[in-house]
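See below for entry31.tsv, which holds TSV, C-alpha atoms.
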```
chain	number	residue	atom	x	y	z
A	1	MET	CA	20.51	2.99	-33.35
A	2	ARG	CA	24.15	4.06	-32.95
A	3	GLY	CA	23.11	6.59	-30.32
A	4	PHE	CA	21.32	3.91	-28.33
A	5	LEU	CA	24.30	1.56	-28.50
A	6	LEU	CA	26.65	4.37	-27.45
A	7	LEU	CA	24.37	5.18	-24.52
A	8	LEU	CA	24.31	1.50	-23.57
A	9	VAL	CA	28.12	1.26	-23.71
A	10	LEU	CA	28.47	4.35	-21.51
A	11	ALA	CA	25.64	3.57	-19.08
A	12	ALA	CA	26.41	-0.11	-18.43
A	13	PRO	CA	29.68	0.46	-16.53
A	14	ILE	CA	28.06	3.24	-14.49
A	15	ALA	CA	25.14	0.99	-13.54
A	16	LEU	CA	27.41	-1.96	-12.74
A	17	ALA	CA	29.58	0.22	-10.51
A	18	ASN	CA	26.59	1.59	-8.60
A	19	PRO	CA	25.96	-0.13	-5.21
A	20	ILE	CA	22.24	0.66	-5.46
A	21	PHE	CA	22.05	-1.48	-8.61
A	22	TRP	CA	23.64	-4.41	-6.77
A	23	TRP	CA	21.35	-3.89	-3.75
A	24	LEU	CA	18.35	-4.11	-6.09
A	25	VAL	CA	19.72	-7.29	-7.67
A	26	GLN	CA	20.35	-8.73	-4.21
A	27	SER	CA	16.80	-7.89	-3.05
A	28	ALA	CA	15.35	-9.59	-6.14
A	29	TYR	CA	17.40	-12.79	-5.97
A	30	SER	CA	18.91	-13.09	-2.50
A	31	ALA	CA	18.48	-11.12	0.76
A	32	ALA	CA	19.47	-7.46	0.76
A	33	PRO	CA	20.25	-5.84	4.12
A	34	ALA	CA	18.33	-2.72	5.11
A	35	THR	CA	17.94	-0.67	8.26
A	36	TYR	CA	14.68	1.00	9.20
A	37	VAL	CA	14.42	3.93	11.59
A	38	GLU	CA	11.43	3.57	13.90
A	39	ALA	CA	9.34	6.58	14.96
A	40	ASP	CA	11.23	6.74	18.27
A	41	GLY	CA	14.59	6.83	16.45
A	42	GLN	CA	15.47	3.20	17.14
A	43	LEU	CA	17.20	1.34	14.31
A	44	ARG	CA	15.66	-1.92	13.11
A	45	PRO	CA	17.69	-4.26	10.87
A	46	ALA	CA	15.91	-6.09	8.06
A	47	LEU	CA	16.56	-8.37	5.12
A	48	LEU	CA	14.52	-7.94	1.94
A	49	GLY	CA	14.32	-10.63	-0.70
A	50	PRO	CA	13.45	-14.26	-1.32
A	51	GLN	CA	16.29	-15.67	0.79
A	52	SER	CA	15.32	-13.75	3.92
A	53	PRO	CA	14.79	-15.92	7.02
A	54	TRP	CA	11.51	-17.81	7.40
A	55	PRO	CA	10.99	-19.72	10.68
A	56	ASP	CA	10.12	-23.40	10.43
A	57	TRP	CA	7.21	-22.96	12.85
A	58	ALA	CA	5.47	-20.54	10.41
A	59	LEU	CA	3.46	-23.10	8.47
A	60	VAL	CA	2.62	-22.73	4.79
A	61	PRO	CA	-0.44	-24.21	3.03
A	62	ASP	CA	0.27	-27.67	1.57
A	63	GLY	CA	1.53	-27.46	-1.99
A	64	ALA	CA	1.77	-23.66	-1.93
A	65	LYS	CA	4.87	-21.93	-3.22
A	66	LEU	CA	6.07	-19.37	-0.69
A	67	THR	CA	8.18	-16.43	-1.85
A	68	VAL	CA	9.66	-14.74	1.20
A	69	GLU	CA	9.54	-10.97	0.85
A	70	ALA	CA	11.02	-9.61	4.08
A	71	TRP	CA	12.31	-10.27	7.59
A	72	PHE	CA	12.49	-7.59	10.30
A	73	ALA	CA	14.56	-8.02	13.47
A	74	ALA	CA	12.99	-7.40	16.86
A	75	ALA	CA	13.25	-3.86	18.17
A	76	PRO	CA	11.31	-3.26	21.40
A	77	PRO	CA	8.38	-2.99	21.55
A	78	THR	CA	8.05	-4.54	18.07
A	79	PRO	CA	8.74	-8.30	17.79
A	80	GLU	CA	10.64	-10.10	15.06
A	81	THR	CA	8.39	-10.44	12.04
A	82	GLY	CA	8.31	-11.29	8.36
A	83	PHE	CA	6.04	-11.91	5.43
A	84	GLY	CA	5.84	-13.57	2.07
A	85	THR	CA	3.55	-14.12	-0.88
A	86	LEU	CA	1.88	-17.41	-1.77
A	87	LYS	CA	1.09	-19.17	-5.02
A	88	LEU	CA	-1.66	-21.66	-4.28
A	89	PRO	CA	-1.90	-24.97	-6.18
A	90	VAL	CA	-5.70	-25.29	-5.88
A	91	ASP	CA	-8.59	-22.87	-5.77
A	92	SER	CA	-8.37	-20.45	-2.87
A	93	ALA	CA	-11.41	-21.67	-0.92
A	94	LYS	CA	-10.04	-25.24	-0.85
A	95	ALA	CA	-6.59	-23.94	0.09
A	96	VAL	CA	-8.03	-21.94	3.01
A	97	ARG	CA	-9.99	-24.91	4.36
A	98	ALA	CA	-6.95	-27.19	4.09
A	99	PHE	CA	-4.67	-24.57	5.69
A	100	VAL	CA	-7.08	-24.03	8.60
A	101	ALA	CA	-7.19	-27.80	9.17
A	102	LYS	CA	-3.38	-28.02	9.01
A	103	LEU	CA	-2.96	-25.17	11.51
A	104	GLU	CA	-5.56	-26.57	13.94
A	105	THR	CA	-3.94	-30.03	13.78
A	106	ALA	CA	-0.57	-28.40	14.58
A	107	GLY	CA	-1.98	-26.71	17.73
A	108	TRP	CA	-3.03	-23.30	16.42
A	109	GLN	CA	-6.28	-21.53	17.23
A	110	VAL	CA	-7.56	-20.12	13.94
A	111	GLU	CA	-10.08	-17.39	13.19
A	112	THR	CA	-11.21	-16.61	9.66
A	113	SER	CA	-13.40	-13.92	8.22
A	114	GLU	CA	-14.61	-13.28	4.70
A	115	ILE	CA	-14.63	-9.73	3.43
A	116	GLN	CA	-16.77	-8.93	0.40
A	117	THR	CA	-15.96	-5.71	-1.38
A	118	VAL	CA	-15.46	-4.15	-4.80
A	119	ASP	CA	-12.17	-3.76	-6.62
A	120	PRO	CA	-11.63	-0.08	-7.54
A	121	THR	CA	-11.12	-0.73	-11.24
A	122	ILE	CA	-13.10	0.27	-14.29
A	123	PRO	CA	-15.44	-1.49	-14.51
A	124	PRO	CA	-15.59	-2.37	-10.79
A	125	LYS	CA	-15.33	-6.09	-10.01
A	126	PRO	CA	-16.65	-7.62	-6.81
A	127	PHE	CA	-14.19	-9.78	-4.92
A	128	GLN	CA	-13.94	-11.71	-1.70
A	129	LEU	CA	-10.95	-11.83	0.61
A	130	CYS	CA	-10.39	-14.37	3.37
A	131	THR	CA	-8.54	-13.02	6.38
A	132	LEU	CA	-7.02	-15.63	8.66
A	133	ARG	CA	-5.43	-15.11	12.08
A	134	ALA	CA	-3.75	-17.92	14.02
A	135	THR	CA	-2.39	-17.96	17.57
A	136	ARG	CA	-0.90	-20.85	19.51
A	137	ARG	CA	-3.55	-22.83	21.42
A	138	ASP	CA	-1.02	-23.58	24.17
A	139	GLY	CA	-0.56	-19.87	24.86
A	140	GLY	CA	2.77	-19.75	23.01
A	141	PRO	CA	3.78	-16.34	21.81
A	142	ARG	CA	3.69	-16.87	18.05
A	143	VAL	CA	1.12	-15.31	15.72
A	144	MET	CA	0.37	-15.80	12.03
A	145	SER	CA	-1.95	-13.99	9.68
A	146	ALA	CA	-2.92	-14.47	6.05
A	147	SER	CA	-5.01	-12.69	3.46
A	148	ILE	CA	-6.15	-14.90	0.60
A	149	PRO	CA	-8.42	-13.73	-2.22
A	150	LEU	CA	-11.30	-16.07	-3.03
A	151	GLY	CA	-11.99	-16.37	-6.73
A	152	TYR	CA	-10.86	-13.05	-8.19
A	153	SER	CA	-7.07	-13.09	-8.46
A	154	GLY	CA	-6.19	-9.39	-8.68
A	155	ILE	CA	-4.66	-9.60	-5.21
A	156	THR	CA	-1.70	-11.77	-4.25
A	157	PRO	CA	-2.19	-14.07	-1.22
A	158	ARG	CA	0.10	-13.03	1.67
A	159	LEU	CA	1.28	-14.76	4.81
A	160	HIS	CA	2.69	-12.87	7.84
A	161	TRP	CA	4.29	-14.09	11.08
A	162	TRP	CA	5.32	-12.53	14.41
A	163	SER	CA	7.59	-14.17	17.00
A	164	THR	CA	5.46	-12.65	19.78
A	165	PRO	CA	2.14	-10.84	19.59
A	166	PRO	CA	2.72	-7.29	18.35
A	167	PRO	CA	1.53	-4.51	20.70
A	168	GLN	CA	-1.21	-3.54	18.24
A	169	LEU	CA	-2.72	-7.06	18.50
A	170	ALA	CA	-4.62	-5.90	21.58
A	171	THR	CA	-6.34	-3.25	19.44
A	172	TRP	CA	-6.89	-5.39	16.35
A	173	PRO	CA	-10.61	-5.72	15.82
A	174	ALA	CA	-12.13	-9.15	16.21
A	175	LEU	CA	-12.67	-10.91	12.91
A	176	THR	CA	-16.32	-10.55	12.09
A	177	GLY	CA	-18.35	-11.72	9.15
A	178	PRO	CA	-18.84	-15.18	7.79
A	179	ARG	CA	-16.07	-17.73	8.16
A	180	CYS	CA	-14.15	-18.61	5.01
```
Turn the structure described in the file into structure tokens.
Amino acid sequence: MRGFLLLLVLAAPIALANPIFWWLVQSAYSAAPATYVEADGQLRPALLGPQSPWPDWALVPDGAKLTVEAWFAAAPPTPETGFGTLKLPVDSAKAVRAFVAKLETAGWQVETSEIQTVDPTIPPKPFQLCTLRATRRDGGPRVMSASIPLGYSGITPRLHWWSTPPPQLATWPALTGPRC
């Protein structure tokens, strides 16, 4: 026990003096700055953490608790983007239907698709995932996407936004399968 306490007394000041420790604290409770290097060498600023920016036009399901995870600045050809995780107050299927109605009422064109697959655990568990993609009906540049598990809760619901359609949107496959 004395050895552990001695280690704690020696390690605590080292950890508290380390900027990486404070960056990790900041990314868990605030918004920690980061810079990403794109494949072409271009630098892309970002903020990671729950106090990262979230635009007011990026709607959230009613009653859901959004935890912002990241914000990435625009760096041509990639637009400004961000994402967060959701905690839904009702069962997922009801939340999806209500969110689709909310988006459509607000002027978004919404596509949904249900994916049925098997979780790679032992023993394997079947699960369903609802993928949602929303674009502005008026031709505005904004895009949103969500992935929400239906029933099985081994996957966290996520919500993504882009300030303009990303270049890869042109090659994204159409959502096929039954609607959620």
- Name all residues at most 10 Å from Trp57 (chain A) (count all atoms listed in the file; drop same-chain ones fewer than 6 positions away) and give them as a list in words.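 Final neighbour list, sorted by chain and number: Ala106, Arg142, Met144, Trp161 and Ser163 of chain A.
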- Message: List as a ChimeraX atom specification the protein and nucleic acid residues near Lys102 (chain A), meaning an atom at most 9 Å away when all atoms listed in the file are counted, but skip any in the same chain fewer than 5 places from it.
- Response: /A:59,61-62,97,107-108
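For the set A:Arg2, A:Arg158, A:Arg44, A:Arg179, the residue with the smallest atom-to-atom gap to Ala75 (chain A) is A:Arg44, counting all atoms listed in the file.
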- Message: Applying 9 Å and only C-alpha atoms, which residues near Lys65 (chain A) remain after dropping the ones on its own chain fewer than 5 positions away? List them as a PyMOL selection string.
- Response: chain A and resi 60+85-89
Deliver the residues from the most recent selection as a file, using C-alpha atoms, as a PDB file, in the frame of the given file.
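Everything below was put into selection_3.pdb:
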```pdb
ATOM      1  CA  VAL A  60       2.620 -22.730   4.790  1.00  0.00           C
ATOM      2  CA  THR A  85       3.550 -14.120  -0.880  1.00  0.00           C
ATOM      3  CA  LEU A  86       1.880 -17.410  -1.770  1.00  0.00           C
ATOM      4  CA  LYS A  87       1.090 -19.170  -5.020  1.00  0.00           C
ATOM      5  CA  LEU A  88      -1.660 -21.660  -4.280  1.00  0.00           C
ATOM      6  CA  PRO A  89      -1.900 -24.970  -6.180  1.00  0.00           C
TER       7      PRO A  89
END
```
- Message: Applying 7 Å and all atoms listed in the file, which residues near Phe127 (chain A) remain after dropping the ones on its own chain fewer than 3 positions away? List them as a PyMOL selection string.
- Response: chain A and resi 116-119+152
- Message: Rounded to one decimal, what separation in Å do you get between CA of Thr135 (chain A) and CA of Phe99 (chain A)?
- Response: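 A separation of 13.8 Å between them.
As for CA of Val143 (chain A) and CA of Tyr29 (chain A), they are spaced 27.2 Å apart.
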- Give as a list in words each residue that has an atom at most 12 Å from (15.8, 1.8, 12.1) in the file, counting only C-alpha atoms.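 Residues close enough to count: Pro33, Ala34, Thr35, Tyr36, Val37, Glu38, Ala39, Asp40, Gly41, Gln42, Leu43, Arg44, Pro45, Ala46, Phe72, Ala73, Ala74, Ala75, Pro76 and Thr78 of chain A.
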- Query: Could you work out how far CA of Val90 (chain A) lies from CA of Pro124 (chain A), giving the answer in Å with one decimal?
  - Reply: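 Straight-line distance from CA of Pro124 (chain A) to CA of Val90 (chain A) works out to 25.4 Å.
Proximity of A:Ala146, A:Val25, A:Ile115, A:Leu48 to Ala95 (chain A), computed with all atoms listed in the file, is greatest for A:Ala146.
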- Of the candidates A:Gly151, A:Pro55, A:Pro165, A:Pro123, which one gets nearest to Gly139 (chain A) if we count all atoms listed in the file?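 Of A:Gly151, A:Pro55, A:Pro165, A:Pro123, the one nearest Gly139 (chain A), counting all atoms listed in the file, is A:Pro165.
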- Counting all atoms listed in the file, find the residues whose atoms lie at most 8 Å from (2.0, -7.6, 8.4) (file coordinates) and write them out as a count of residues only. 6
- Task: Can you pull out every residue within 7 Å of region 147-150 of chain A, counting all atoms listed in the file, but drop anything in the same chain fewer than 5 positions away, and send it as a PyMOL selection string?
- Result: chain A and resi 92-93+128-132+155+157-159
Emit as lines of an AutoDock Vina configuration file the padded axis-aligned box for all listed atoms of region 31-50 of chain A, 6 Å per side, with centre and edge lengths in Å to one decimal.
```
center_x = 14.8
center_y = -3.7
center_z = 8.5
size_x = 22.9
size_y = 33.1
size_z = 31.6
```
- Nearest-residue call for Pro120 (chain A), choices A:Pro141, A:Thr105, A:Gly154, A:Ala31, using only C-alpha atoms: A:Gly154
